[in-house]
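Novice: Got a file for you: target05.cif, mmCIF, C-alpha atoms.
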```cif
data_protein
loop_
_atom_site.group_PDB
_atom_site.id
_atom_site.type_symbol
_atom_site.label_atom_id
_atom_site.label_comp_id
_atom_site.auth_asym_id
_atom_site.auth_seq_id
_atom_site.Cartn_x
_atom_site.Cartn_y
_atom_site.Cartn_z
ATOM 1 C CA MET A 524 -9.751 7.090 -32.122
ATOM 2 C CA ALA A 525 -10.180 6.097 -28.460
ATOM 3 C CA THR A 526 -11.422 2.602 -27.737
ATOM 4 C CA GLU A 527 -14.720 2.523 -25.851
ATOM 5 C CA LYS A 528 -14.578 0.723 -22.523
ATOM 6 C CA ALA A 529 -16.511 -2.423 -21.866
ATOM 7 C CA GLY A 530 -19.517 -1.909 -19.619
ATOM 8 C CA ARG A 531 -17.872 -3.507 -16.580
ATOM 9 C CA ASN A 532 -14.535 -1.743 -17.046
ATOM 10 C CA LYS A 533 -14.159 0.568 -14.043
ATOM 11 C CA THR A 534 -10.571 1.647 -14.716
ATOM 12 C CA ILE A 535 -9.897 5.252 -13.677
ATOM 13 C CA ASP A 536 -8.036 6.818 -16.585
ATOM 14 C CA ILE A 537 -9.197 10.444 -16.618
ATOM 15 C CA PRO A 538 -6.789 12.352 -18.885
ATOM 16 C CA LEU A 539 -4.897 15.298 -17.501
ATOM 17 C CA SER A 540 -6.778 17.575 -19.887
ATOM 18 C CA GLU A 541 -10.041 16.733 -18.071
ATOM 19 C CA GLY A 542 -8.723 16.605 -14.535
ATOM 20 C CA GLN A 543 -7.880 20.195 -13.659
ATOM 21 C CA HIS A 544 -10.488 20.351 -10.877
ATOM 22 C CA TYR A 545 -8.747 17.383 -9.216
ATOM 23 C CA LEU A 546 -5.337 18.905 -9.756
ATOM 24 C CA ASP A 547 -6.559 22.097 -8.070
ATOM 25 C CA ARG A 548 -7.005 20.110 -4.841
ATOM 26 C CA CYS A 549 -3.304 19.250 -4.744
ATOM 27 C CA ILE A 550 -0.821 21.518 -3.008
ATOM 28 C CA ALA A 551 2.825 22.508 -3.372
ATOM 29 C CA VAL A 552 5.209 22.800 -0.437
ATOM 30 C CA THR A 553 7.820 25.493 -0.963
ATOM 31 C CA LYS A 554 8.826 26.387 2.581
ATOM 32 C CA LYS A 555 9.668 24.644 5.835
ATOM 33 C CA GLN A 556 6.579 23.419 7.709
ATOM 34 C CA GLN A 557 6.526 23.821 11.489
ATOM 35 C CA ASP A 558 3.758 21.241 11.807
ATOM 36 C CA LEU A 559 1.511 19.142 9.566
ATOM 37 C CA SER A 560 -1.518 21.448 9.660
ATOM 38 C CA GLU A 561 -1.031 22.687 6.081
ATOM 39 C CA VAL A 562 -0.260 19.294 4.531
ATOM 40 C CA ILE A 563 -2.348 16.784 6.481
ATOM 41 C CA ASP A 564 -4.764 14.788 4.313
ATOM 42 C CA LYS A 565 -3.343 16.401 1.192
ATOM 43 C CA THR A 566 -1.735 15.299 -2.036
ATOM 44 C CA ILE A 567 1.525 17.214 -2.437
ATOM 45 C CA MET A 568 2.688 17.559 -6.015
ATOM 46 C CA GLY A 569 6.466 17.688 -6.142
ATOM 47 C CA ASN A 570 9.759 15.807 -5.945
ATOM 48 C CA MET A 571 9.896 13.865 -2.679
ATOM 49 C CA LEU A 572 13.608 14.616 -2.233
ATOM 50 C CA GLU A 573 12.720 18.306 -2.033
ATOM 51 C CA VAL A 574 9.335 18.068 -0.299
ATOM 52 C CA CYS A 575 10.436 15.787 2.558
ATOM 53 C CA THR A 576 13.193 18.186 3.621
ATOM 54 C CA MET A 577 10.465 20.769 4.311
ATOM 55 C CA LEU A 578 8.224 18.550 6.455
ATOM 56 C CA PRO A 579 8.535 18.578 10.279
ATOM 57 C CA GLU A 580 10.767 16.002 11.946
ATOM 58 C CA LYS A 581 9.255 13.092 13.900
ATOM 59 C CA SER A 582 5.779 13.900 12.630
ATOM 60 C CA VAL A 583 4.617 10.640 11.000
ATOM 61 C CA ASP A 584 3.776 7.250 12.484
ATOM 62 C CA LEU A 585 4.183 5.091 9.405
ATOM 63 C CA ILE A 586 5.911 5.373 6.044
ATOM 64 C CA ILE A 587 4.795 3.216 3.125
ATOM 65 C CA ALA A 588 7.146 3.617 0.173
ATOM 66 C CA ASP A 589 6.920 2.160 -3.311
ATOM 67 C CA PRO A 590 9.953 3.717 -5.035
ATOM 68 C CA PRO A 591 10.733 3.141 -8.727
ATOM 69 C CA TYR A 592 12.139 -0.333 -9.221
ATOM 70 C CA ASN A 593 15.497 -0.531 -10.960
ATOM 71 C CA LEU A 594 14.018 -1.436 -14.338
ATOM 72 C CA THR A 595 13.981 0.104 -17.802
ATOM 73 C CA LYS A 596 10.357 1.103 -18.255
ATOM 74 C CA SER A 597 8.195 3.907 -19.582
ATOM 75 C CA PHE A 598 5.600 5.400 -17.240
ATOM 76 C CA ASN A 599 3.183 8.002 -18.560
ATOM 77 C CA GLY A 600 5.558 9.154 -21.287
ATOM 78 C CA THR A 601 8.671 9.204 -19.087
ATOM 79 C CA THR A 602 11.325 6.536 -19.597
ATOM 80 C CA PHE A 603 13.342 5.293 -16.623
ATOM 81 C CA ALA A 604 16.605 3.585 -17.502
ATOM 82 C CA LYS A 605 17.994 0.821 -15.315
ATOM 83 C CA LYS A 606 20.799 2.148 -13.117
ATOM 84 C CA LYS A 607 24.033 0.472 -12.214
ATOM 85 C CA THR A 608 23.864 -1.209 -8.810
ATOM 86 C CA ALA A 609 26.038 1.459 -7.182
ATOM 87 C CA ASP A 610 23.845 4.240 -8.594
ATOM 88 C CA TYR A 611 20.646 2.592 -7.383
ATOM 89 C CA GLU A 612 22.230 2.137 -3.957
ATOM 90 C CA GLU A 613 23.014 5.852 -3.864
ATOM 91 C CA TYR A 614 19.465 6.733 -4.972
ATOM 92 C CA THR A 615 18.062 4.525 -2.196
ATOM 93 C CA ARG A 616 20.300 6.246 0.365
ATOM 94 C CA GLN A 617 19.122 9.638 -0.893
ATOM 95 C CA TRP A 618 15.440 9.039 -0.458
ATOM 96 C CA LEU A 619 15.840 7.129 2.828
ATOM 97 C CA SER A 620 17.897 10.049 4.154
ATOM 98 C CA ALA A 621 15.008 12.342 3.216
ATOM 99 C CA VAL A 622 12.303 10.346 5.046
ATOM 100 C CA LYS A 623 14.261 9.075 8.062
ATOM 101 C CA PRO A 624 13.993 12.350 10.075
ATOM 102 C CA LEU A 625 10.204 12.433 9.595
ATOM 103 C CA LEU A 626 9.475 9.127 11.349
ATOM 104 C CA LYS A 627 8.616 9.072 15.049
ATOM 105 C CA ASP A 628 10.815 7.071 17.401
ATOM 106 C CA ASN A 629 8.200 4.295 17.579
ATOM 107 C CA GLY A 630 7.385 4.508 13.870
ATOM 108 C CA SER A 631 7.653 1.881 11.135
ATOM 109 C CA ILE A 632 8.587 1.921 7.457
ATOM 110 C CA TYR A 633 7.632 -0.527 4.717
ATOM 111 C CA VAL A 634 9.438 -0.500 1.364
ATOM 112 C CA CYS A 635 8.110 -2.275 -1.728
ATOM 113 C CA CYS A 636 10.515 -3.780 -4.261
ATOM 114 C CA ASP A 637 10.931 -6.576 -6.773
ATOM 115 C CA TRP A 638 13.281 -9.522 -6.175
ATOM 116 C CA GLU A 639 16.279 -7.828 -7.789
ATOM 117 C CA THR A 640 16.027 -4.424 -6.110
ATOM 118 C CA SER A 641 15.218 -6.229 -2.853
ATOM 119 C CA LEU A 642 18.867 -7.263 -2.657
ATOM 120 C CA ILE A 643 19.816 -3.581 -2.654
ATOM 121 C CA VAL A 644 16.930 -2.173 -0.597
ATOM 122 C CA GLY A 645 17.370 -4.596 2.285
ATOM 123 C CA LYS A 646 21.054 -3.789 2.627
ATOM 124 C CA ILE A 647 20.665 0.003 2.463
ATOM 125 C CA LEU A 648 17.552 0.025 4.658
ATOM 126 C CA SER A 649 19.542 -1.625 7.440
ATOM 127 C CA GLU A 650 21.876 1.385 7.478
ATOM 128 C CA PHE A 651 18.990 3.614 8.590
ATOM 129 C CA PHE A 652 16.523 1.381 10.444
ATOM 130 C CA ILE A 653 16.142 -1.889 12.338
ATOM 131 C CA ILE A 654 15.001 -4.599 9.942
ATOM 132 C CA GLN A 655 12.103 -6.562 11.429
ATOM 133 C CA ASN A 656 11.060 -8.766 8.517
ATOM 134 C CA ARG A 657 10.836 -9.275 4.782
ATOM 135 C CA ILE A 658 7.379 -9.963 3.412
ATOM 136 C CA THR A 659 6.998 -11.733 0.082
ATOM 137 C CA TRP A 660 3.666 -11.478 -1.681
ATOM 138 C CA GLN A 661 2.313 -13.320 -4.673
ATOM 139 C CA ARG A 662 1.336 -10.780 -7.302
ATOM 140 C CA GLU A 663 0.100 -13.389 -9.802
ATOM 141 C CA LYS A 664 0.535 -11.232 -12.876
ATOM 142 C CA GLY A 665 3.815 -11.291 -14.730
ATOM 143 C CA ARG A 666 5.170 -12.065 -18.153
ATOM 144 C CA GLY A 667 6.362 -15.552 -18.906
ATOM 145 C CA ALA A 668 10.059 -16.071 -19.551
ATOM 146 C CA LYS A 669 11.641 -18.609 -21.910
ATOM 147 C CA ALA A 670 14.952 -18.867 -20.068
ATOM 148 C CA ASN A 671 13.945 -18.109 -16.471
ATOM 149 C CA TRP A 672 11.159 -18.535 -13.939
ATOM 150 C CA LYS A 673 8.193 -16.218 -14.335
ATOM 151 C CA ASN A 674 8.455 -13.294 -11.915
ATOM 152 C CA GLY A 675 5.302 -13.657 -9.824
ATOM 153 C CA MET A 676 6.511 -12.390 -6.442
ATOM 154 C CA GLU A 677 7.492 -9.081 -4.877
ATOM 155 C CA ASP A 678 9.039 -8.154 -1.535
ATOM 156 C CA ILE A 679 8.125 -5.622 1.134
ATOM 157 C CA TRP A 680 10.768 -4.817 3.750
ATOM 158 C CA PHE A 681 9.450 -4.012 7.229
ATOM 159 C CA ALA A 682 11.727 -1.916 9.446
ATOM 160 C CA THR A 683 11.422 0.328 12.491
ATOM 161 C CA ASN A 684 13.186 3.230 14.160
ATOM 162 C CA SER A 685 13.532 1.256 17.409
ATOM 163 C CA ASN A 686 12.400 -1.956 19.057
ATOM 164 C CA ASP A 687 9.494 -0.045 20.604
ATOM 165 C CA TYR A 688 6.983 -0.060 17.772
ATOM 166 C CA ILE A 689 3.305 -0.661 17.018
ATOM 167 C CA PHE A 690 2.172 -4.047 15.772
ATOM 168 C CA ASN A 691 -1.556 -4.825 15.983
ATOM 169 C CA LEU A 692 -1.612 -8.588 15.503
ATOM 170 C CA ASP A 693 -5.351 -9.040 16.055
ATOM 171 C CA ALA A 694 -6.124 -6.450 13.364
ATOM 172 C CA VAL A 695 -4.464 -8.494 10.623
ATOM 173 C CA LYS A 696 -5.359 -12.083 11.428
ATOM 174 C CA ILE A 697 -6.746 -14.054 8.490
ATOM 175 C CA ARG A 698 -10.104 -15.811 8.732
ATOM 176 C CA LYS A 699 -9.892 -19.313 7.295
ATOM 177 C CA LYS A 700 -12.527 -21.988 6.983
ATOM 178 C CA VAL A 701 -12.056 -24.986 9.300
ATOM 179 C CA ILE A 702 -12.276 -28.139 7.209
ATOM 180 C CA ALA A 703 -11.798 -30.709 10.009
ATOM 181 C CA PRO A 704 -13.076 -29.107 13.238
ATOM 182 C CA TYR A 705 -11.506 -30.505 16.430
ATOM 183 C CA ARG A 706 -13.469 -30.413 19.667
ATOM 184 C CA VAL A 707 -12.621 -30.852 23.337
ATOM 185 C CA ASP A 708 -15.523 -31.835 25.604
ATOM 186 C CA GLY A 709 -17.826 -31.015 22.711
ATOM 187 C CA GLN A 710 -16.549 -27.441 22.371
ATOM 188 C CA PRO A 711 -14.561 -25.966 19.459
ATOM 189 C CA LYS A 712 -10.778 -26.073 20.028
ATOM 190 C CA ASP A 713 -9.117 -22.886 18.659
ATOM 191 C CA TRP A 714 -11.884 -22.149 16.172
ATOM 192 C CA ASN A 715 -15.299 -20.462 16.116
ATOM 193 C CA GLU A 716 -18.622 -22.038 15.233
ATOM 194 C CA THR A 717 -20.976 -19.555 13.566
ATOM 195 C CA GLU A 718 -24.163 -19.615 11.537
ATOM 196 C CA ASN A 719 -22.020 -18.679 8.519
ATOM 197 C CA GLY A 720 -19.649 -21.620 8.978
ATOM 198 C CA ASN A 721 -16.701 -22.762 11.049
ATOM 199 C CA TYR A 722 -13.688 -20.420 11.034
ATOM 200 C CA ARG A 723 -10.310 -19.900 12.622
ATOM 201 C CA ASP A 724 -8.579 -16.518 12.806
ATOM 202 C CA THR A 725 -4.925 -17.322 12.145
ATOM 203 C CA CYS A 726 -1.736 -15.304 12.623
ATOM 204 C CA PRO A 727 -0.455 -13.932 9.314
ATOM 205 C CA SER A 728 2.958 -15.001 8.059
ATOM 206 C CA ASN A 729 5.461 -13.075 5.987
ATOM 207 C CA PHE A 730 4.229 -14.823 2.828
ATOM 208 C CA TRP A 731 1.035 -13.279 1.472
ATOM 209 C CA ASP A 732 -0.842 -15.314 -1.097
ATOM 210 C CA ASP A 733 -4.239 -13.681 -0.675
ATOM 211 C CA ILE A 734 -3.646 -10.468 -2.670
ATOM 212 C CA THR A 735 -5.406 -9.672 -5.923
ATOM 213 C CA ILE A 736 -3.705 -7.200 -8.249
ATOM 214 C CA PRO A 737 -6.242 -4.482 -9.203
ATOM 215 C CA PHE A 738 -7.839 -5.311 -12.519
ATOM 216 C CA TRP A 739 -10.244 -3.612 -14.908
ATOM 217 C CA SER A 740 -13.535 -4.587 -13.255
ATOM 218 C CA MET A 741 -12.481 -3.371 -9.779
ATOM 219 C CA ALA A 742 -13.472 0.144 -8.693
ATOM 220 C CA GLU A 743 -9.992 0.805 -7.281
ATOM 221 C CA ASN A 744 -8.227 0.107 -10.568
ATOM 222 C CA THR A 745 -6.449 2.908 -12.434
ATOM 223 C CA ALA A 746 -4.303 3.058 -15.551
ATOM 224 C CA HIS A 747 -1.163 3.300 -13.399
ATOM 225 C CA PRO A 748 1.182 0.484 -14.507
ATOM 226 C CA THR A 749 2.427 -0.578 -11.052
ATOM 227 C CA GLN A 750 -0.542 0.111 -8.779
ATOM 228 C CA LYS A 751 -0.619 -1.748 -5.467
ATOM 229 C CA SER A 752 -3.928 -3.101 -4.199
ATOM 230 C CA GLU A 753 -5.847 -1.527 -1.342
ATOM 231 C CA LYS A 754 -5.882 -4.839 0.505
ATOM 232 C CA LEU A 755 -2.082 -5.024 0.433
ATOM 233 C CA ILE A 756 -1.707 -1.527 1.884
ATOM 234 C CA ALA A 757 -4.522 -2.115 4.395
ATOM 235 C CA LYS A 758 -2.634 -5.059 5.906
ATOM 236 C CA ILE A 759 0.404 -2.851 6.468
ATOM 237 C CA MET A 760 -1.573 0.085 7.797
ATOM 238 C CA LEU A 761 -3.709 -1.896 10.232
ATOM 239 C CA ALA A 762 -0.683 -3.750 11.576
ATOM 240 C CA SER A 763 1.607 -0.757 12.062
ATOM 241 C CA SER A 764 -0.526 2.282 12.849
ATOM 242 C CA LEU A 765 -3.437 3.379 15.009
ATOM 243 C CA GLU A 766 -6.572 5.315 14.120
ATOM 244 C CA ASP A 767 -5.823 9.042 13.717
ATOM 245 C CA GLY A 768 -2.152 8.225 13.111
ATOM 246 C CA VAL A 769 -0.293 9.853 10.227
ATOM 247 C CA VAL A 770 0.840 7.799 7.232
ATOM 248 C CA LEU A 771 3.330 9.184 4.709
ATOM 249 C CA ASP A 772 3.727 7.888 1.180
ATOM 250 C CA PRO A 773 6.627 9.655 -0.570
ATOM 251 C CA PHE A 774 5.936 7.891 -3.913
ATOM 252 C CA LEU A 775 2.149 8.125 -3.954
ATOM 253 C CA GLY A 776 1.466 7.107 -7.549
ATOM 254 C CA SER A 777 -2.279 6.749 -8.104
ATOM 255 C CA GLY A 778 -3.069 7.266 -4.419
ATOM 256 C CA THR A 779 -3.626 3.838 -2.883
ATOM 257 C CA THR A 780 -1.993 4.688 0.454
ATOM 258 C CA SER A 781 -3.990 7.902 0.873
ATOM 259 C CA VAL A 782 -7.251 6.184 -0.069
ATOM 260 C CA VAL A 783 -6.706 3.313 2.364
ATOM 261 C CA ALA A 784 -5.762 5.749 5.131
ATOM 262 C CA LYS A 785 -9.010 7.606 4.562
ATOM 263 C CA LYS A 786 -11.024 4.382 4.636
ATOM 264 C CA LEU A 787 -9.310 3.181 7.824
ATOM 265 C CA ASN A 788 -9.563 6.492 9.721
ATOM 266 C CA ARG A 789 -5.899 7.429 9.459
ATOM 267 C CA HIS A 790 -4.438 10.727 8.289
ATOM 268 C CA TYR A 791 -2.282 10.791 5.195
ATOM 269 C CA VAL A 792 0.401 12.854 3.496
ATOM 270 C CA GLY A 793 1.077 11.803 -0.084
ATOM 271 C CA VAL A 794 3.851 13.109 -2.338
ATOM 272 C CA GLU A 795 3.729 12.574 -6.099
ATOM 273 C CA MET A 796 5.563 14.425 -8.859
ATOM 274 C CA ASP A 797 3.436 13.281 -11.814
ATOM 275 C CA ALA A 798 0.372 15.466 -12.376
ATOM 276 C CA GLN A 799 -1.550 12.701 -14.140
ATOM 277 C CA TYR A 800 -1.207 10.359 -11.193
ATOM 278 C CA CYS A 801 -2.230 13.162 -8.821
ATOM 279 C CA VAL A 802 -5.492 13.495 -10.765
ATOM 280 C CA TRP A 803 -6.248 9.795 -10.352
ATOM 281 C CA ALA A 804 -5.345 9.903 -6.660
ATOM 282 C CA GLU A 805 -7.750 12.777 -6.020
ATOM 283 C CA LYS A 806 -10.510 11.071 -8.007
ATOM 284 C CA ARG A 807 -10.112 7.977 -5.832
ATOM 285 C CA LEU A 808 -10.139 10.046 -2.639
ATOM 286 C CA GLU A 809 -13.402 11.584 -3.811
ATOM 287 C CA MET A 810 -14.849 8.119 -4.421
ATOM 288 C CA ALA A 811 -13.814 7.062 -0.906
ATOM 289 C CA ASP A 812 -16.275 9.584 0.528
ATOM 290 C CA ASN A 813 -19.077 7.162 -0.410
ATOM 291 C CA ASP A 814 -17.289 3.833 -0.699
ATOM 292 C CA THR A 815 -15.178 2.682 2.241
ATOM 293 C CA GLU A 816 -14.977 -0.985 1.243
ATOM 294 C CA ILE A 817 -11.639 -2.748 0.828
ATOM 295 C CA GLN A 818 -11.696 -5.927 -1.262
ATOM 296 C CA GLY A 819 -11.157 -8.988 0.934
ATOM 297 C CA TYR A 820 -11.526 -7.066 4.214
ATOM 298 C CA VAL A 821 -15.025 -7.512 5.633
ATOM 299 C CA ASP A 822 -16.419 -6.802 9.105
ATOM 300 C CA GLY A 823 -12.952 -5.974 10.415
ATOM 301 C CA VAL A 824 -11.416 -9.242 9.213
ATOM 302 C CA PHE A 825 -9.161 -10.305 6.332
ATOM 303 C CA TRP A 826 -10.695 -13.319 4.625
ATOM 304 C CA GLU A 827 -8.808 -16.041 2.800
ATOM 305 C CA ARG A 828 -9.128 -16.199 -0.962
ATOM 306 C CA ASN A 829 -12.128 -17.838 -2.637
ATOM 307 C CA SER A 830 -14.422 -17.024 0.283
ATOM 308 C CA LEU A 831 -16.579 -14.433 -1.478
ATOM 309 C CA SER A 832 -19.869 -16.175 -0.654
ATOM 310 C CA GLU A 833 -19.056 -16.169 3.065
ATOM 311 C CA GLN A 834 -18.010 -12.512 2.920
ATOM 312 C CA LYS A 835 -21.311 -11.588 1.232
ATOM 313 C CA SER A 836 -23.233 -13.486 3.884
ATOM 314 C CA VAL A 837 -21.554 -11.442 6.629
ATOM 315 C CA LYS A 838 -22.137 -8.184 4.744
ATOM 316 C CA ASN A 839 -25.833 -8.919 4.402
ATOM 317 C CA LYS A 840 -26.164 -9.389 8.176
ATOM 318 C CA THR A 841 -24.321 -6.230 9.226
#
```
Could you show the structure in this file as structure tokens?
Specialist:
Amino acid sequence: MATEKAGRNKTIDIPLSEGQHYLDRCIAVTKKQQDLSEVIDKTIMGNMLEVCTMLPEKSVDLIIADPPYNLTKSFNGTTFAKKKTADYEEYTRQWLSAVKPLLKDNGSIYVCCDWETSLIVGKILSEFFIIQNRITWQREKGRGAKANWKNGMEDIWFATNSNDYIFNLDAVKIRKKVIAPYRVDGQPKDWNETENGNYRDTCPSNFWDDITIPFWSMAENTAHPTQKSEKLIAKIMLASSLEDGVVLDPFLGSGTTSVVAKKLNRHYVGVEMDAQYCVWAEKRLEMADNDTEIQGYVDGVFWERNSLSEQKSVKNKT
């Protein structure tokens, strides 16, 4: 007998048996595409190693990839066994070889991984692209360990096809409250005085501690076990793409990249082989027609954590 959800539980967990109308919106790619006209803003159901070989070369501006981590886990009834290091290296080369031709010369790629697979991903990624940085973000959740430190961090590798690439610094600055405002000749020095408080827009570092993992009371949450938050993907997308640019996610999962692209006026191409996850992705894309909010991103600014009251104040005035 199914357990009834609590009233505030917004988790998207539509079963496959009830999601055929969402699945009907997905497409299959079975032949070489001359351009993106047939796949733009679509969820492609299929194996990315096969699908990507049929997409046009140098057609996407940004790739955001969240490949399976090298862990023994069961996802939606399918068990993935941990591979030997050499085998995971070869798998990483396979999928990077599939996406490399699709990225424009000035394009960027971001690859998500845990601390252990990061050692492999960083090395193999450097064979295909120019490594620009490694971002570490605090994911908060994680099981405690009796004989080790709790795993509360994950990495995201940032790489590019060349040294001519897009990076929109002003789009990803973080708004922080100024506790001890410093003035010169009575005027604010490197901070802004507003009716909502005193703030400074600071340059983001490669350590992100302002990300909330989606949880049951958030509208973006799904039953996917490794879902990334919209705020996390929004930081990447705003930094490394322009409006109307094309973002590819070859491991779409429950659709976060596509949803964020839609909310931020980018085009998306998402590839996912699991039908259940495709259903959730399409449900979220439907919801984005009426809800373009991204948690923690208000009035074109990323706000520091624990600033909800200030964010609400800005929302009420816009």
Novice: Counting all atoms listed in the file, figure out which residue out of A:Glu766, A:Asp610, A:Glu580, A:Asp733 gets nearest to A:Asn593.
Specialist: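 Using all atoms listed in the file, A:Asn593 sits closest to A:Asp610.
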Novice: Assuming the chain letters and numbering stay as they are in my file, what does the PyMOL selection byres ((chain A and resi 643-648) around 10) actually select? List them as number ranges by chain.
Specialist: A: 593, 608-609, 611-613, 615-616, 619, 632-642, 649-654, 656-657, 678-683
Novice: I need the residues from that last selection saved to file as a PDB file, in the coordinates of the input (with C-alpha atoms), if you can.
Specialist:
```
ATOM      1  CA  ASN A 593      15.497  -0.531 -10.960  1.00  0.00           C
ATOM      2  CA  THR A 608      23.864  -1.209  -8.810  1.00  0.00           C
ATOM      3  CA  ALA A 609      26.038   1.459  -7.182  1.00  0.00           C
ATOM      4  CA  TYR A 611      20.646   2.592  -7.383  1.00  0.00           C
ATOM      5  CA  GLU A 612      22.230   2.137  -3.957  1.00  0.00           C
ATOM      6  CA  GLU A 613      23.014   5.852  -3.864  1.00  0.00           C
ATOM      7  CA  THR A 615      18.062   4.525  -2.196  1.00  0.00           C
ATOM      8  CA  ARG A 616      20.300   6.246   0.365  1.00  0.00           C
ATOM      9  CA  LEU A 619      15.840   7.129   2.828  1.00  0.00           C
ATOM     10  CA  ILE A 632       8.587   1.921   7.457  1.00  0.00           C
ATOM     11  CA  TYR A 633       7.632  -0.527   4.717  1.00  0.00           C
ATOM     12  CA  VAL A 634       9.438  -0.500   1.364  1.00  0.00           C
ATOM     13  CA  CYS A 635       8.110  -2.275  -1.728  1.00  0.00           C
ATOM     14  CA  CYS A 636      10.515  -3.780  -4.261  1.00  0.00           C
ATOM     15  CA  ASP A 637      10.931  -6.576  -6.773  1.00  0.00           C
ATOM     16  CA  TRP A 638      13.281  -9.522  -6.175  1.00  0.00           C
ATOM     17  CA  GLU A 639      16.279  -7.828  -7.789  1.00  0.00           C
ATOM     18  CA  THR A 640      16.027  -4.424  -6.110  1.00  0.00           C
ATOM     19  CA  SER A 641      15.218  -6.229  -2.853  1.00  0.00           C
ATOM     20  CA  LEU A 642      18.867  -7.263  -2.657  1.00  0.00           C
ATOM     21  CA  SER A 649      19.542  -1.625   7.440  1.00  0.00           C
ATOM     22  CA  GLU A 650      21.876   1.385   7.478  1.00  0.00           C
ATOM     23  CA  PHE A 651      18.990   3.614   8.590  1.00  0.00           C
ATOM     24  CA  PHE A 652      16.523   1.381  10.444  1.00  0.00           C
ATOM     25  CA  ILE A 653      16.142  -1.889  12.338  1.00  0.00           C
ATOM     26  CA  ILE A 654      15.001  -4.599   9.942  1.00  0.00           C
ATOM     27  CA  ASN A 656      11.060  -8.766   8.517  1.00  0.00           C
ATOM     28  CA  ARG A 657      10.836  -9.275   4.782  1.00  0.00           C
ATOM     29  CA  ASP A 678       9.039  -8.154  -1.535  1.00  0.00           C
ATOM     30  CA  ILE A 679       8.125  -5.622   1.134  1.00  0.00           C
ATOM     31  CA  TRP A 680      10.768  -4.817   3.750  1.00  0.00           C
ATOM     32  CA  PHE A 681       9.450  -4.012   7.229  1.00  0.00           C
ATOM     33  CA  ALA A 682      11.727  -1.916   9.446  1.00  0.00           C
ATOM     34  CA  THR A 683      11.422   0.328  12.491  1.00  0.00           C
TER      35      THR A 683
END
```
Novice: As a check of understanding, name the residues that the PyMOL selection byres ((chain A and resi 797) around 8) selects in the supplied structure, as a list of chain:residue names.
Specialist: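 Evaluating the PyMOL selection byres ((chain A and resi 797) around 8) on this file yields A:Met568, A:Gly569, A:Gly776, A:Glu795, A:Met796, A:Ala798, A:Gln799, A:Tyr800, A:Cys801.
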Novice: Go ahead and write the residues just picked, C-alpha atoms, as an mmCIF file, in the coordinates of the input.
Specialist:
```cif
data_model
loop_
_atom_site.group_PDB
_atom_site.id
_atom_site.type_symbol
_atom_site.label_atom_id
_atom_site.label_comp_id
_atom_site.auth_asym_id
_atom_site.auth_seq_id
_atom_site.Cartn_x
_atom_site.Cartn_y
_atom_site.Cartn_z
ATOM 1 C CA MET A 568 2.688 17.559 -6.015
ATOM 2 C CA GLY A 569 6.466 17.688 -6.142
ATOM 3 C CA GLY A 776 1.466 7.107 -7.549
ATOM 4 C CA GLU A 795 3.729 12.574 -6.099
ATOM 5 C CA MET A 796 5.563 14.425 -8.859
ATOM 6 C CA ALA A 798 0.372 15.466 -12.376
ATOM 7 C CA GLN A 799 -1.550 12.701 -14.140
ATOM 8 C CA TYR A 800 -1.207 10.359 -11.193
ATOM 9 C CA CYS A 801 -2.230 13.162 -8.821
#
```
Novice: How many Å separate atom CA of A:Arg698 from atom CA of A:Gln818?
Specialist: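 Distance between the two atoms: 14.1 Å.
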Novice: Report the residues retrieved by the PyMOL selection byres ((chain A and resi 806) around 12) from the displayed file, expressed as a PyMOL selection string.
Specialist: chain A and resi 534-539+541-549+566+742-745+777-779+781-782+799-805+807-812
Novice: Residues within 10 Å of A:Asn788, please, as a VMD selection string. Count only C-alpha atoms; anything in the same chain fewer than 3 positions from it doesn't count.
Specialist: chain A and resid 765 to 769 783 to 785 791
Novice: Figure out the distance between atom CA of A:Trp739 and atom CA of A:Val794, please, to one decimal in Å.
Specialist: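 Calculated distance between atom CA of A:Val794 and atom CA of A:Trp739 is 25.2 Å.
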Novice: Would you work out the distance separating atom CA of A:Met741 from atom CA of A:Ile550, expressed in Å to one decimal?
Specialist: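 About the pair atom CA of A:Met741 and atom CA of A:Ile550: they are 28.3 Å apart.
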Novice: Could you check which of A:Pro773, A:Gly793, A:Gly530, A:Gly819 is closest to A:Ala621, using only C-alpha atoms?
Specialist: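 That would be A:Pro773, the residue with the smallest distance to A:Ala621.
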Novice: Looking at A:Phe738, A:Met760, A:Ala604, A:Thr595, which one is nearest to A:Asn532, with distances taken over all atoms listed in the file?
Specialist: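 Closest to A:Asn532, using all atoms listed in the file: A:Phe738.
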Novice: Report as a Markdown table: every residue of stretch 545-661 of chain A with an atom at most 10 Å from stretch 747-759 of chain A, its closest pair of atoms, and their distance in Å to one decimal, counting all atoms listed in the file, with rows sorted by chain and ascending residue number.
Specialist:
```
| residue | atom | partner | partner_atom | distance |
| --- | --- | --- | --- | --- |
| A:Leu585 | CA | A:Ile759 | CA | 9.3 |
| A:Ile586 | CA | A:Ile759 | CA | 9.9 |
| A:Ile587 | CA | A:Ile756 | CA | 8.1 |
| A:Asp589 | CA | A:Lys751 | CA | 8.8 |
| A:Pro591 | CA | A:Thr749 | CA | 9.4 |
| A:Tyr592 | CA | A:Thr749 | CA | 9.9 |
| A:Lys596 | CA | A:Pro748 | CA | 9.9 |
| A:Ser597 | CA | A:Pro748 | CA | 9.3 |
| A:Phe598 | CA | A:Pro748 | CA | 7.2 |
| A:Asn599 | CA | A:His747 | CA | 8.2 |
| A:Ser631 | CA | A:Ile759 | CA | 9.8 |
| A:Ile632 | CA | A:Ile759 | CA | 9.5 |
| A:Tyr633 | CA | A:Ile759 | CA | 7.8 |
| A:Cys635 | CA | A:Lys751 | CA | 9.5 |
| A:Trp660 | CA | A:Leu755 | CA | 8.9 |
```
